[in-house]
Amino acid sequence: MKTIYKVGIIAVLVAVSLFACSKLFSPYFYTSQDGPGHLIRMIEFHEAVDDGQLPVRIAKRINFGLGYPFFSFNYPLLYYVGDSFQRLGLSTLDSFKALLIGAAFISSLSMYAWLFPFAGWLAAFVGSAFWVIAPYKFLNMYVRGNVAESLGLAMIPLGLLVIDRFLHNKLRGIVVVFYFGLFLLSHNITVLVGLPLLFFYGAWVTQTFKLERKRLWHLIGFLISALSMTAFFWYPALLEAPLTKLAELRSDYVSYFPTLRDIIYSPWGFGSFAKDLVPGKMSVQLGLVHTAMIGAAIFLLLVGRWKKLHAVSPMEKLAVFFGLLAVVSAFLALDISRPVWDALPILQYVQIPWRFVGYLTLASSVLAAYVIALVPKSMKFIVSALLLGLLFYANRNHVRVNQHIPFENPFEKSEIYGPSTTSKDEHMPLGAPHIYEAPNPDGDIFPATAGTSQRGVWQSNVHKFTVSLSADAAFRDNTSYFPGWTAYVDNQRVPIRYQDDAFGRLLVSVPKGEHVVSFRFGEPRYRMTANIVSVVATIFALFVFV
């Protein structure tokens with residue numbers, strides 16, 4: 001293909017992505033379910049980096065200023081990239097939108113580049129358009145404002161591209177290592193589902209195209225290398241998760257099974273999820289056009305093999321895999337799969353069964369490319385144009401926001417923010433009760449009559465108080481205990497008695513007199529070890545790459 005044609009196709013793909021993101025090009029924010037939480041956490045992350053907290057693990061001001069370890073457990077890639085955007089001069093809101101727009105670009109370009117060798121430029125273009133102009137994508141972008149899942153899903157076709165090129169000996173393995181590293185940091189739940197999908201795809205491609213099996217084993221080695229590079233995140237998260245209320249989320253899945261009608265088509269709304277016909281609820285639909293592509297592709301696969309209408313093409317081999325993915329995804333999204341969810345604890349961490357509509361969307365996009373690939377050459381352009389016209393028409397009302405609103409930084413009015421920005425405050429310590437009012441920022445003295453205290457320094461990783469006591473007493477910094485906190489009285493380290501506090505906060509014994517009580521957040525040995533492993537592995541990978 002001539003360079004001018006390649007540039008033209010890329011330009012059209014960019015235009016399609018810009019159309020999908022068109023409602024983001026407003027100076028205002030918009031009402032969404034997860035968007036405000038992401039923005040507030042981006043602000044907190046930026047401040048934590050300014051405080052010198054690297055890697056960032058604690059958000060200082062959310063959850064009533066108790067110190068919330070959100071970043072210890074959740075998808076750090078978007079916050080590090082978002083922070084970089086802010087340091088380049090973008091506002092927090094513009095950084096949030098830039099991440100969504102970037103996810104759309106990654107989606108369209110990587111899907112096209114991956115499908116092109118299998119289906120040709122026109123079918124690959126149709127598949128890419130179906131992946132970008134999709135109800136589930138608009139649900140994440142405009143209804144939920146879920147930039148993390150948008151980024152995670154965007155990296156799935158990029159992974160298919162990278163793995164496919166490596167298995168066909170057209171890409172260096174070190175690129176696969178870096179891809180896995182970024183993917184592991186993108187979105188926890190997407191990684192949980194996406195990694196098995198990518199490896200099943202690799203095995204399928206290796207088997208059906210008779211490729212070298214040793215290269216499939218190399219992928220496992222690359223993943224291990226990527227795990228080493230990202231050990232700073234996942235290793236402490238696994239060790240520390242039992243200390244929090246994260247396990248409470250495992251039971252959420254029972255409330256989020258859609259009906260088949262919900263998936264095929266349901267009225268577009270901006271409310272929370274509900275089954276069946278509920279006015280104003282969010283729509284978790286696949287969409288009529290996407291559904292039709294799955295049906296048409298499966299019919300053509302069955303008829304084509306039954307009547308042997310044509311030789312088995314590379315695209316048909318690909319279509320079989322994604323036809324199976326469509327069936328499995330539909331099954332896991334529906335209530336009929338409830339026994340499977342009940343039996344598999346790891347599946348329960350997906351939390352929301354209708355998330356599998358995202359993988360149905362992926363499958364239908366590939367199958368749309370397969371349908372176009374089968375159309376006779378003389379009719380291919382006309383059929384593609386009609387199909388794309390239907391796609392854009394069916395989704396014309398999904399490219400919209402509920403209401404544009406100005407973004408107000410809550411920390412400009414108050415030094416703390418009450419909500420934790422997560423659904424159930426699930427990163428709070430086990431046994432710590434939920435609170436609904438701000439605690440004393442100057443800390444508490446037990447007994448209260450023993451003296452006074454005043455906070456002097458309050459950074460995400462350093463707190464300092466002046467404490468004056470008429471008798472020996474206990475002093476509590478109203479910050480939830482999390483591994484890494486250490487306490488000092490006049491620069492002499494003292495034990496933290498968080499087990500003795502009803503709220504699981506930073507409690508220390510202080511002798512009579514005037515003292516400086518300080519608390520510092522750092523890295524315990526196991527986290528420091530993980531950090532060192534990540535640094536060494538990344539330096540080694542960069543050395544190999546160069």
# chains A, B, ... in the order shown; residues from 1 in each chain; ligands from 1
call {"tool": "select_by_dssp", "arguments": {"residues": "stretch 334-465 of chain A", "states": "helix (DSSP H, G or I)", "output": "compact mmCIF listing (two decimals) with N, CA and C atoms, in the first residue's frame"}}
result
# COMPACT_ATOMS: atom_id res chain seq x y z
N ASP A 335 -27.40 -13.93 33.81
CA ASP A 335 -27.69 -14.57 35.09
C ASP A 335 -27.56 -16.08 35.04
N ILE A 336 -27.63 -16.69 33.83
CA ILE A 336 -27.51 -18.15 33.74
C ILE A 336 -26.11 -18.62 34.16
N SER A 337 -25.16 -17.71 34.18
CA SER A 337 -23.80 -18.09 34.60
C SER A 337 -23.59 -17.93 36.10
N ARG A 338 -24.64 -17.63 36.83
CA ARG A 338 -24.51 -17.40 38.28
C ARG A 338 -23.81 -18.55 39.01
N PRO A 339 -24.09 -19.82 38.70
CA PRO A 339 -23.36 -20.90 39.39
C PRO A 339 -21.85 -20.84 39.16
N VAL A 340 -21.44 -20.39 37.97
CA VAL A 340 -20.00 -20.27 37.69
C VAL A 340 -19.40 -19.16 38.55
N TRP A 341 -20.09 -18.03 38.62
CA TRP A 341 -19.62 -16.93 39.47
C TRP A 341 -19.56 -17.36 40.94
N ASP A 342 -20.55 -18.12 41.38
CA ASP A 342 -20.58 -18.57 42.77
C ASP A 342 -19.40 -19.50 43.08
N ALA A 343 -19.00 -20.28 42.06
CA ALA A 343 -17.98 -21.31 42.29
C ALA A 343 -16.56 -20.80 42.12
N PRO A 345 -14.07 -17.92 42.97
CA PRO A 345 -13.78 -16.67 43.70
C PRO A 345 -13.02 -15.65 42.86
N ILE A 346 -12.11 -16.10 41.99
CA ILE A 346 -11.34 -15.13 41.20
C ILE A 346 -12.25 -14.37 40.25
N LEU A 347 -13.30 -15.01 39.74
CA LEU A 347 -14.23 -14.33 38.85
C LEU A 347 -15.02 -13.25 39.60
N GLN A 348 -15.24 -13.47 40.89
CA GLN A 348 -16.01 -12.51 41.69
C GLN A 348 -15.30 -11.16 41.80
N PRO A 353 -20.88 -8.32 36.30
CA PRO A 353 -20.99 -9.21 35.13
C PRO A 353 -21.18 -8.48 33.81
N TRP A 354 -21.89 -7.33 33.81
CA TRP A 354 -22.10 -6.67 32.53
C TRP A 354 -20.83 -6.06 31.96
N ARG A 355 -19.72 -6.12 32.71
CA ARG A 355 -18.44 -5.71 32.14
C ARG A 355 -18.06 -6.57 30.93
N PHE A 356 -18.59 -7.80 30.87
CA PHE A 356 -18.27 -8.67 29.75
C PHE A 356 -18.89 -8.19 28.45
N VAL A 357 -19.78 -7.21 28.52
CA VAL A 357 -20.29 -6.60 27.28
C VAL A 357 -19.13 -5.91 26.54
N GLY A 358 -18.13 -5.46 27.26
CA GLY A 358 -16.96 -4.87 26.61
C GLY A 358 -16.24 -5.89 25.73
N TYR A 359 -16.19 -7.14 26.16
CA TYR A 359 -15.53 -8.19 25.37
C TYR A 359 -16.45 -8.69 24.26
N LEU A 360 -17.76 -8.60 24.49
CA LEU A 360 -18.71 -8.84 23.39
C LEU A 360 -18.51 -7.80 22.29
N THR A 361 -18.29 -6.55 22.70
CA THR A 361 -18.03 -5.48 21.74
C THR A 361 -16.76 -5.75 20.95
N LEU A 362 -15.71 -6.20 21.64
CA LEU A 362 -14.47 -6.55 20.96
C LEU A 362 -14.71 -7.66 19.94
N ALA A 363 -15.42 -8.71 20.36
CA ALA A 363 -15.69 -9.83 19.45
C ALA A 363 -16.51 -9.39 18.25
N SER A 364 -17.53 -8.58 18.47
CA SER A 364 -18.40 -8.16 17.37
C SER A 364 -17.63 -7.28 16.39
N SER A 365 -16.65 -6.51 16.87
CA SER A 365 -15.85 -5.67 15.99
C SER A 365 -14.99 -6.52 15.05
N VAL A 366 -14.38 -7.56 15.61
CA VAL A 366 -13.59 -8.47 14.78
C VAL A 366 -14.49 -9.21 13.79
N LEU A 367 -15.66 -9.63 14.23
CA LEU A 367 -16.57 -10.37 13.37
C LEU A 367 -17.15 -9.47 12.27
N ALA A 368 -17.29 -8.17 12.55
CA ALA A 368 -17.71 -7.23 11.50
C ALA A 368 -16.66 -7.18 10.40
N ALA A 369 -15.38 -7.17 10.80
CA ALA A 369 -14.30 -7.21 9.80
C ALA A 369 -14.35 -8.50 9.00
N TYR A 370 -14.67 -9.60 9.64
CA TYR A 370 -14.78 -10.89 8.94
C TYR A 370 -15.90 -10.87 7.91
N VAL A 371 -17.04 -10.30 8.27
CA VAL A 371 -18.17 -10.22 7.33
C VAL A 371 -17.77 -9.42 6.09
N ILE A 372 -17.11 -8.30 6.29
CA ILE A 372 -16.68 -7.48 5.15
C ILE A 372 -15.65 -8.22 4.31
N ALA A 373 -14.77 -8.98 4.97
CA ALA A 373 -13.75 -9.73 4.24
C ALA A 373 -14.37 -10.76 3.30
N LEU A 374 -15.56 -11.26 3.62
CA LEU A 374 -16.23 -12.26 2.79
C LEU A 374 -17.02 -11.65 1.65
N LYS A 377 -15.42 -8.59 -3.93
CA LYS A 377 -14.66 -7.37 -4.12
C LYS A 377 -15.48 -6.26 -4.78
N SER A 378 -16.35 -6.64 -5.73
CA SER A 378 -17.13 -5.64 -6.45
C SER A 378 -18.15 -4.93 -5.57
N MET A 379 -18.54 -5.58 -4.46
CA MET A 379 -19.56 -5.04 -3.57
C MET A 379 -18.99 -4.56 -2.23
N LYS A 380 -17.70 -4.80 -2.02
CA LYS A 380 -17.10 -4.57 -0.69
C LYS A 380 -17.24 -3.13 -0.23
N PHE A 381 -16.95 -2.19 -1.11
CA PHE A 381 -16.97 -0.79 -0.70
C PHE A 381 -18.40 -0.33 -0.40
N ILE A 382 -19.36 -0.75 -1.24
CA ILE A 382 -20.76 -0.34 -1.03
C ILE A 382 -21.29 -0.91 0.28
N VAL A 383 -21.05 -2.21 0.50
CA VAL A 383 -21.54 -2.85 1.74
C VAL A 383 -20.89 -2.21 2.96
N SER A 384 -19.59 -1.92 2.87
CA SER A 384 -18.89 -1.29 4.00
C SER A 384 -19.48 0.08 4.29
N ALA A 385 -19.75 0.85 3.24
CA ALA A 385 -20.32 2.19 3.43
C ALA A 385 -21.69 2.11 4.08
N LEU A 386 -22.52 1.15 3.62
CA LEU A 386 -23.86 1.00 4.21
C LEU A 386 -23.76 0.59 5.68
N LEU A 387 -22.84 -0.33 5.96
CA LEU A 387 -22.69 -0.81 7.33
C LEU A 387 -22.19 0.29 8.25
N LEU A 388 -21.22 1.07 7.76
CA LEU A 388 -20.71 2.18 8.56
C LEU A 388 -21.79 3.25 8.76
N GLY A 389 -22.59 3.46 7.75
CA GLY A 389 -23.70 4.41 7.88
C GLY A 389 -24.67 3.97 8.96
N LEU A 390 -24.99 2.68 8.98
CA LEU A 390 -25.87 2.15 10.03
C LEU A 390 -25.23 2.28 11.41
N LEU A 391 -23.91 2.03 11.47
CA LEU A 391 -23.20 2.11 12.75
C LEU A 391 -23.27 3.53 13.32
N PHE A 392 -22.98 4.51 12.50
CA PHE A 392 -23.00 5.89 12.98
C PHE A 392 -24.43 6.34 13.29
N TYR A 393 -25.38 5.91 12.49
CA TYR A 393 -26.78 6.31 12.74
C TYR A 393 -27.29 5.69 14.05
N ALA A 394 -26.99 4.42 14.27
CA ALA A 394 -27.48 3.73 15.47
C ALA A 394 -26.89 4.32 16.74
N PRO A 410 -12.87 20.51 45.02
CA PRO A 410 -13.41 20.59 46.39
C PRO A 410 -12.40 21.08 47.40
N PHE A 411 -11.10 20.96 47.09
CA PHE A 411 -10.08 21.36 48.05
C PHE A 411 -9.84 22.87 48.05
N GLU A 412 -10.50 23.57 47.13
CA GLU A 412 -10.42 25.03 47.16
C GLU A 412 -11.36 25.61 48.22
N ALA A 448 -8.59 13.69 77.56
CA ALA A 448 -8.63 15.01 76.91
C ALA A 448 -8.14 16.12 77.83
N THR A 449 -8.27 15.92 79.15
CA THR A 449 -7.88 16.97 80.11
C THR A 449 -6.38 17.03 80.34
N ALA A 450 -5.64 16.10 79.71
CA ALA A 450 -4.20 16.03 79.99
C ALA A 450 -3.39 17.09 79.27
call {"tool": "residues_around", "arguments": {"residues": "stretch 504-513 of chain A", "least_positions_apart": "3", "cutoff": "8 Å", "atoms": "only C-alpha atoms", "output": "mmCIF file with C-alpha atoms, in the first residue's frame"}}
result
data_model
loop_
_atom_site.group_PDB
_atom_site.id
_atom_site.type_symbol
_atom_site.label_atom_id
_atom_site.label_comp_id
_atom_site.auth_asym_id
_atom_site.auth_seq_id
_atom_site.Cartn_x
_atom_site.Cartn_y
_atom_site.Cartn_z
ATOM 1 C CA PRO A 429 -8.554 -0.986 57.548
ATOM 2 C CA GLY A 431 -12.456 -3.304 61.753
ATOM 3 C CA ALA A 432 -12.383 0.463 61.286
ATOM 4 C CA VAL A 467 1.761 18.390 72.021
ATOM 5 C CA SER A 468 1.761 19.943 75.518
ATOM 6 C CA LEU A 469 0.821 17.596 78.375
ATOM 7 C CA SER A 470 0.412 18.073 82.106
ATOM 8 C CA ALA A 471 0.677 14.309 82.605
ATOM 9 C CA ASP A 472 1.600 11.220 80.612
ATOM 10 C CA ALA A 473 -1.088 10.558 77.978
ATOM 11 C CA ALA A 474 -1.877 8.983 74.630
ATOM 12 C CA PHE A 475 -1.972 11.086 71.471
ATOM 13 C CA ARG A 476 -3.833 10.122 68.292
ATOM 14 C CA ASP A 477 -3.194 11.475 64.828
ATOM 15 C CA ASN A 478 -6.545 11.066 63.061
ATOM 16 C CA THR A 479 -5.038 9.099 60.206
ATOM 17 C CA SER A 480 -5.852 5.460 59.509
ATOM 18 C CA TYR A 481 -2.929 3.150 60.102
ATOM 19 C CA ALA A 487 5.996 7.603 64.769
ATOM 20 C CA VAL A 489 8.436 11.835 69.787
ATOM 21 C CA VAL A 494 8.099 5.123 69.313
ATOM 22 C CA PRO A 495 5.677 2.268 68.601
ATOM 23 C CA ILE A 496 2.299 2.987 67.003
ATOM 24 C CA ARG A 497 -0.504 1.408 69.049
ATOM 25 C CA TYR A 498 -3.131 1.355 66.300
ATOM 26 C CA GLN A 499 -4.455 -1.975 67.610
ATOM 27 C CA ASP A 500 -5.484 -0.168 70.802
ATOM 28 C CA ASP A 501 -7.502 2.469 68.949
#
call {"tool": "residues_around", "arguments": {"residues": "stretch 187-195 of chain A", "least_positions_apart": "6", "cutoff": "10 Å", "atoms": "only C-alpha atoms", "output": "PDB file with C-alpha atoms, in the first residue's frame"}}
result
ATOM      1  CA  PHE A  73      -4.325  -1.051  45.094  1.00  0.00           C
ATOM      2  CA  ASN A  74      -5.586   0.569  41.909  1.00  0.00           C
ATOM      3  CA  TYR A  75      -4.394   1.084  38.313  1.00  0.00           C
ATOM      4  CA  PRO A  76      -1.508   3.559  38.740  1.00  0.00           C
ATOM      5  CA  LEU A  77      -0.795   4.037  35.008  1.00  0.00           C
ATOM      6  CA  LEU A  78      -3.504   6.614  34.397  1.00  0.00           C
ATOM      7  CA  VAL A 147     -11.160   6.573  32.290  1.00  0.00           C
ATOM      8  CA  ALA A 148      -9.371   3.575  33.865  1.00  0.00           C
ATOM      9  CA  GLU A 149     -11.509   0.924  32.175  1.00  0.00           C
ATOM     10  CA  SER A 150     -11.466   2.917  28.914  1.00  0.00           C
ATOM     11  CA  LEU A 151      -7.665   2.818  28.971  1.00  0.00           C
ATOM     12  CA  GLY A 152      -7.570  -0.863  29.909  1.00  0.00           C
ATOM     13  CA  LEU A 153      -9.922  -1.907  27.108  1.00  0.00           C
ATOM     14  CA  MET A 155      -4.893  -1.797  25.382  1.00  0.00           C
ATOM     15  CA  ILE A 156      -6.518  -5.149  24.522  1.00  0.00           C
ATOM     16  CA  GLY A 159      -1.876  -6.495  23.023  1.00  0.00           C
ATOM     17  CA  PHE A 180       2.827  -6.279  29.398  1.00  0.00           C
ATOM     18  CA  TYR A 201      -5.244 -15.859  21.608  1.00  0.00           C
ATOM     19  CA  LEU A 223       5.167 -11.681  31.370  1.00  0.00           C
ATOM     20  CA  TRP A 234       1.189  -5.670  42.507  1.00  0.00           C
ATOM     21  CA  ILE A 346     -11.344 -15.134  41.202  1.00  0.00           C
ATOM     22  CA  LEU A 347     -14.233 -14.327  38.850  1.00  0.00           C
ATOM     23  CA  TYR A 349     -13.247  -9.879  41.651  1.00  0.00           C
ATOM     24  CA  VAL A 350     -14.600  -8.737  38.268  1.00  0.00           C
ATOM     25  CA  GLN A 351     -17.476  -7.404  40.454  1.00  0.00           C
ATOM     26  CA  ILE A 352     -19.831  -6.497  37.581  1.00  0.00           C
ATOM     27  CA  ARG A 355     -18.436  -5.708  32.137  1.00  0.00           C
ATOM     28  CA  PHE A 356     -18.267  -8.672  29.747  1.00  0.00           C
ATOM     29  CA  GLY A 358     -16.958  -4.875  26.614  1.00  0.00           C
ATOM     30  CA  TYR A 359     -15.531  -8.192  25.374  1.00  0.00           C
TER      31      TYR A 359
END
call {"tool": "closest_residue", "arguments": {"among": "A:Leu39, A:Leu286, A:Leu182, A:Leu216", "to": "A:Asn169", "atoms": "only C-alpha atoms"}}
result
A:Leu216
call {"tool": "residues_around", "arguments": {"residues": "A:Glu47", "least_positions_apart": "3", "cutoff": "12 Å", "atoms": "only C-alpha atoms", "output": "compact mmCIF listing (two decimals) with all heavy atoms, in the first residue's frame"}}
result
# COMPACT_ATOMS: atom_id res chain seq x y z
N ILE A 40 -10.66 13.94 41.43
CA ILE A 40 -10.20 14.22 42.80
C ILE A 40 -8.95 13.41 43.12
O ILE A 40 -7.99 13.91 43.72
CB ILE A 40 -11.33 13.92 43.80
CG1 ILE A 40 -12.44 14.97 43.65
CG2 ILE A 40 -10.81 13.88 45.23
CD1 ILE A 40 -13.72 14.61 44.35
N ARG A 41 -8.92 12.17 42.67
CA ARG A 41 -7.73 11.34 42.92
C ARG A 41 -6.54 11.84 42.11
O ARG A 41 -5.39 11.75 42.56
CB ARG A 41 -8.05 9.88 42.61
CG ARG A 41 -9.05 9.27 43.58
CD ARG A 41 -9.12 7.77 43.46
NE ARG A 41 -9.67 7.31 42.21
CZ ARG A 41 -10.94 6.95 42.02
NH1 ARG A 41 -11.80 7.02 43.02
NH2 ARG A 41 -11.34 6.51 40.84
N MET A 42 -6.78 12.37 40.90
CA MET A 42 -5.69 12.95 40.13
C MET A 42 -5.08 14.15 40.84
O MET A 42 -3.86 14.35 40.85
CB MET A 42 -6.19 13.34 38.73
CG MET A 42 -6.48 12.14 37.83
SD MET A 42 -7.27 12.59 36.26
CE MET A 42 -5.87 13.37 35.41
N ILE A 43 -5.94 14.96 41.47
CA ILE A 43 -5.46 16.10 42.25
C ILE A 43 -4.63 15.61 43.45
O ILE A 43 -3.54 16.13 43.73
CB ILE A 43 -6.64 16.96 42.73
CG1 ILE A 43 -7.34 17.61 41.54
CG2 ILE A 43 -6.18 18.01 43.72
CD1 ILE A 43 -8.67 18.26 41.88
N GLU A 44 -5.14 14.59 44.12
CA GLU A 44 -4.42 14.03 45.28
C GLU A 44 -3.09 13.41 44.87
O GLU A 44 -2.09 13.56 45.58
CB GLU A 44 -5.31 12.98 45.96
CG GLU A 44 -6.40 13.55 46.83
CD GLU A 44 -5.82 14.12 48.12
OE1 GLU A 44 -5.30 15.25 48.09
OE2 GLU A 44 -5.86 13.44 49.15
N ASP A 50 4.28 15.91 44.65
CA ASP A 50 4.94 17.13 45.13
C ASP A 50 5.52 16.94 46.52
O ASP A 50 6.55 17.54 46.86
CB ASP A 50 3.94 18.30 45.14
CG ASP A 50 3.66 18.84 43.75
OD1 ASP A 50 4.43 18.54 42.81
OD2 ASP A 50 2.65 19.58 43.60
N ASP A 51 4.87 16.11 47.33
CA ASP A 51 5.36 15.85 48.68
C ASP A 51 6.55 14.90 48.69
O ASP A 51 7.14 14.65 49.75
CB ASP A 51 4.25 15.24 49.54
CG ASP A 51 3.16 16.24 49.88
OD1 ASP A 51 3.42 17.45 49.79
OD2 ASP A 51 2.04 15.80 50.24
N GLY A 52 6.88 14.32 47.52
CA GLY A 52 7.99 13.39 47.45
C GLY A 52 7.60 11.96 47.75
O GLY A 52 8.47 11.12 48.02
N GLN A 53 6.32 11.66 47.68
CA GLN A 53 5.86 10.30 47.95
C GLN A 53 5.92 9.50 46.65
O GLN A 53 5.05 9.58 45.81
CB GLN A 53 4.42 10.31 48.50
CG GLN A 53 3.96 8.95 48.97
CD GLN A 53 2.47 8.86 49.22
OE1 GLN A 53 1.88 7.78 49.08
NE2 GLN A 53 1.82 9.96 49.58
N LEU A 54 6.95 8.71 46.48
CA LEU A 54 7.13 7.88 45.29
C LEU A 54 7.61 6.50 45.71
O LEU A 54 8.62 6.41 46.42
CB LEU A 54 8.14 8.51 44.32
CG LEU A 54 7.64 9.70 43.49
CD1 LEU A 54 8.81 10.32 42.73
CD2 LEU A 54 6.56 9.25 42.52
N VAL A 56 3.57 6.55 44.75
CA VAL A 56 2.44 7.12 45.48
C VAL A 56 1.53 6.00 45.95
O VAL A 56 1.14 5.14 45.17
CB VAL A 56 1.65 8.10 44.58
CG1 VAL A 56 0.44 8.64 45.34
CG2 VAL A 56 2.55 9.25 44.14
N ARG A 57 1.20 6.03 47.24
CA ARG A 57 0.34 4.98 47.80
C ARG A 57 -0.83 5.57 48.60
O ARG A 57 -1.90 4.98 48.66
CB ARG A 57 1.17 4.06 48.69
CG ARG A 57 2.35 3.41 47.95
CD ARG A 57 2.98 2.30 48.74
NE ARG A 57 4.19 1.79 48.10
CZ ARG A 57 4.22 0.90 47.12
NH1 ARG A 57 3.09 0.41 46.65
NH2 ARG A 57 5.37 0.47 46.60
N ILE A 58 -0.62 6.73 49.23
CA ILE A 58 -1.62 7.28 50.14
C ILE A 58 -2.20 8.57 49.57
O ILE A 58 -1.47 9.45 49.11
CB ILE A 58 -1.00 7.60 51.52
CG1 ILE A 58 -0.57 6.31 52.22
CG2 ILE A 58 -1.95 8.39 52.39
CD1 ILE A 58 -1.71 5.54 52.84
N ALA A 59 -3.53 8.69 49.56
CA ALA A 59 -4.21 9.95 49.27
C ALA A 59 -4.52 10.61 50.60
O ALA A 59 -5.16 10.01 51.47
CB ALA A 59 -5.49 9.70 48.47
N LYS A 60 -4.08 11.85 50.77
CA LYS A 60 -4.11 12.50 52.09
C LYS A 60 -5.49 13.01 52.49
O LYS A 60 -5.93 12.83 53.62
CB LYS A 60 -3.12 13.66 52.10
CG LYS A 60 -3.06 14.45 53.38
CD LYS A 60 -2.07 15.59 53.31
CE LYS A 60 -2.56 16.72 52.43
NZ LYS A 60 -1.65 17.89 52.46
N ARG A 61 -6.21 13.65 51.57
CA ARG A 61 -7.36 14.47 51.96
C ARG A 61 -8.72 13.83 51.77
O ARG A 61 -9.71 14.35 52.28
CB ARG A 61 -7.30 15.80 51.19
CG ARG A 61 -6.10 16.64 51.54
CD ARG A 61 -5.98 17.87 50.67
NE ARG A 61 -5.66 17.54 49.28
CZ ARG A 61 -5.38 18.44 48.34
NH1 ARG A 61 -5.41 19.72 48.65
NH2 ARG A 61 -5.09 18.06 47.11
N TYR A 79 -2.81 7.55 36.56
CA TYR A 79 -2.46 8.66 37.45
C TYR A 79 -1.05 9.16 37.18
O TYR A 79 -0.79 10.37 37.27
CB TYR A 79 -2.65 8.23 38.91
CG TYR A 79 -4.11 7.95 39.20
CD1 TYR A 79 -4.56 6.65 39.43
CD2 TYR A 79 -5.04 8.98 39.21
CE1 TYR A 79 -5.89 6.39 39.67
CE2 TYR A 79 -6.38 8.72 39.44
CZ TYR A 79 -6.81 7.42 39.66
OH TYR A 79 -8.14 7.16 39.89
N ASP A 83 -0.58 12.78 35.76
CA ASP A 83 0.29 13.72 36.47
C ASP A 83 1.31 14.33 35.51
O ASP A 83 1.64 15.51 35.60
CB ASP A 83 1.00 13.00 37.62
CG ASP A 83 1.86 13.93 38.44
OD1 ASP A 83 1.30 14.81 39.12
OD2 ASP A 83 3.09 13.79 38.41
N GLN A 86 -0.31 17.05 33.62
CA GLN A 86 -0.45 18.26 34.44
C GLN A 86 0.88 19.01 34.54
O GLN A 86 0.90 20.24 34.52
CB GLN A 86 -0.95 17.89 35.83
CG GLN A 86 -2.39 17.36 35.83
CD GLN A 86 -2.85 16.95 37.22
OE1 GLN A 86 -3.08 17.80 38.08
NE2 GLN A 86 -2.98 15.66 37.46
N ARG A 87 1.98 18.29 34.62
CA ARG A 87 3.29 18.95 34.73
C ARG A 87 3.73 19.55 33.39
O ARG A 87 4.64 20.38 33.36
CB ARG A 87 4.32 17.96 35.27
CG ARG A 87 3.99 17.56 36.69
CD ARG A 87 4.96 16.66 37.37
NE ARG A 87 4.38 16.22 38.64
CZ ARG A 87 4.34 16.95 39.74
NH1 ARG A 87 4.87 18.15 39.76
NH2 ARG A 87 3.76 16.47 40.84
N THR A 92 -6.11 19.66 35.51
CA THR A 92 -6.55 18.31 35.89
C THR A 92 -7.69 17.85 34.99
O THR A 92 -7.69 16.70 34.53
CB THR A 92 -7.02 18.30 37.36
OG1 THR A 92 -5.99 18.82 38.19
CG2 THR A 92 -7.36 16.89 37.81
N PHE A 411 -11.10 20.96 47.09
CA PHE A 411 -10.08 21.36 48.05
C PHE A 411 -9.84 22.87 48.05
O PHE A 411 -9.08 23.38 48.87
CB PHE A 411 -8.78 20.61 47.76
CG PHE A 411 -8.94 19.12 47.79
CD1 PHE A 411 -8.72 18.35 46.66
CD2 PHE A 411 -9.36 18.48 48.95
CE1 PHE A 411 -8.88 16.98 46.68
CE2 PHE A 411 -9.53 17.10 48.99
CZ PHE A 411 -9.29 16.35 47.85
N TRP A 458 1.33 19.08 57.55
CA TRP A 458 0.41 18.03 57.09
C TRP A 458 0.64 17.77 55.61
O TRP A 458 0.01 18.35 54.74
CB TRP A 458 -1.04 18.45 57.35
CG TRP A 458 -2.02 17.31 57.16
CD1 TRP A 458 -1.89 16.03 57.60
CD2 TRP A 458 -3.28 17.37 56.47
NE1 TRP A 458 -3.00 15.28 57.26
CE2 TRP A 458 -3.87 16.09 56.56
CE3 TRP A 458 -3.97 18.38 55.82
CZ2 TRP A 458 -5.11 15.79 56.01
CZ3 TRP A 458 -5.21 18.08 55.27
CH2 TRP A 458 -5.78 16.81 55.36
N GLN A 459 1.60 16.94 55.32
CA GLN A 459 1.85 16.46 53.97
C GLN A 459 1.33 15.03 53.87
O GLN A 459 1.01 14.40 54.88
CB GLN A 459 3.35 16.53 53.64
CG GLN A 459 3.91 17.93 53.64
CD GLN A 459 5.40 17.95 53.35
OE1 GLN A 459 6.10 16.96 53.57
NE2 GLN A 459 5.88 19.07 52.85
N SER A 460 1.28 14.52 52.65
CA SER A 460 0.76 13.16 52.49
C SER A 460 1.65 12.13 53.18
O SER A 460 1.16 11.07 53.59
CB SER A 460 0.64 12.81 51.00
OG SER A 460 1.91 12.86 50.38
N ASN A 461 2.94 12.45 53.35
CA ASN A 461 3.86 11.48 53.94
C ASN A 461 4.54 11.97 55.22
O ASN A 461 5.37 11.26 55.79
CB ASN A 461 4.93 11.08 52.92
CG ASN A 461 5.62 12.29 52.30
OD1 ASN A 461 5.22 13.42 52.53
ND2 ASN A 461 6.65 12.04 51.50
call {"tool": "atom_distance", "arguments": {"atom1": "atom CA of A:Thr259", "atom2": "atom CA of A:Tyr136"}}
result
15.5 Å
call {"tool": "residues_around", "arguments": {"residues": "A:Leu13", "least_positions_apart": "4", "cutoff": "7 Å", "atoms": "only C-alpha atoms", "output": "PyMOL selection string"}}
result
chain A and resi 9+17+108-109
call {"tool": "closest_residue", "arguments": {"among": "A:Val81, A:Ile174, A:Val14, A:Leu318", "to": "A:Ser110", "atoms": "only C-alpha atoms"}}
result
A:Val14
call {"tool": "residues_around", "arguments": {"residues": "A:His398", "least_positions_apart": "6", "cutoff": "12 Å", "atoms": "only C-alpha atoms", "output": "list in words"}}
result
Phe19, Ala20, Cys21, Ser22, Lys23, Ile133, Ala134, Pro135, Tyr136, Lys137, Phe138, Leu139, Asn140, Met141, Tyr142, Val143, Ser266, Pro267, Trp268, Gly269, Phe270, Met282, Ser283, Val284, Gln285, Gly287, Leu391 and Phe392 of chain A
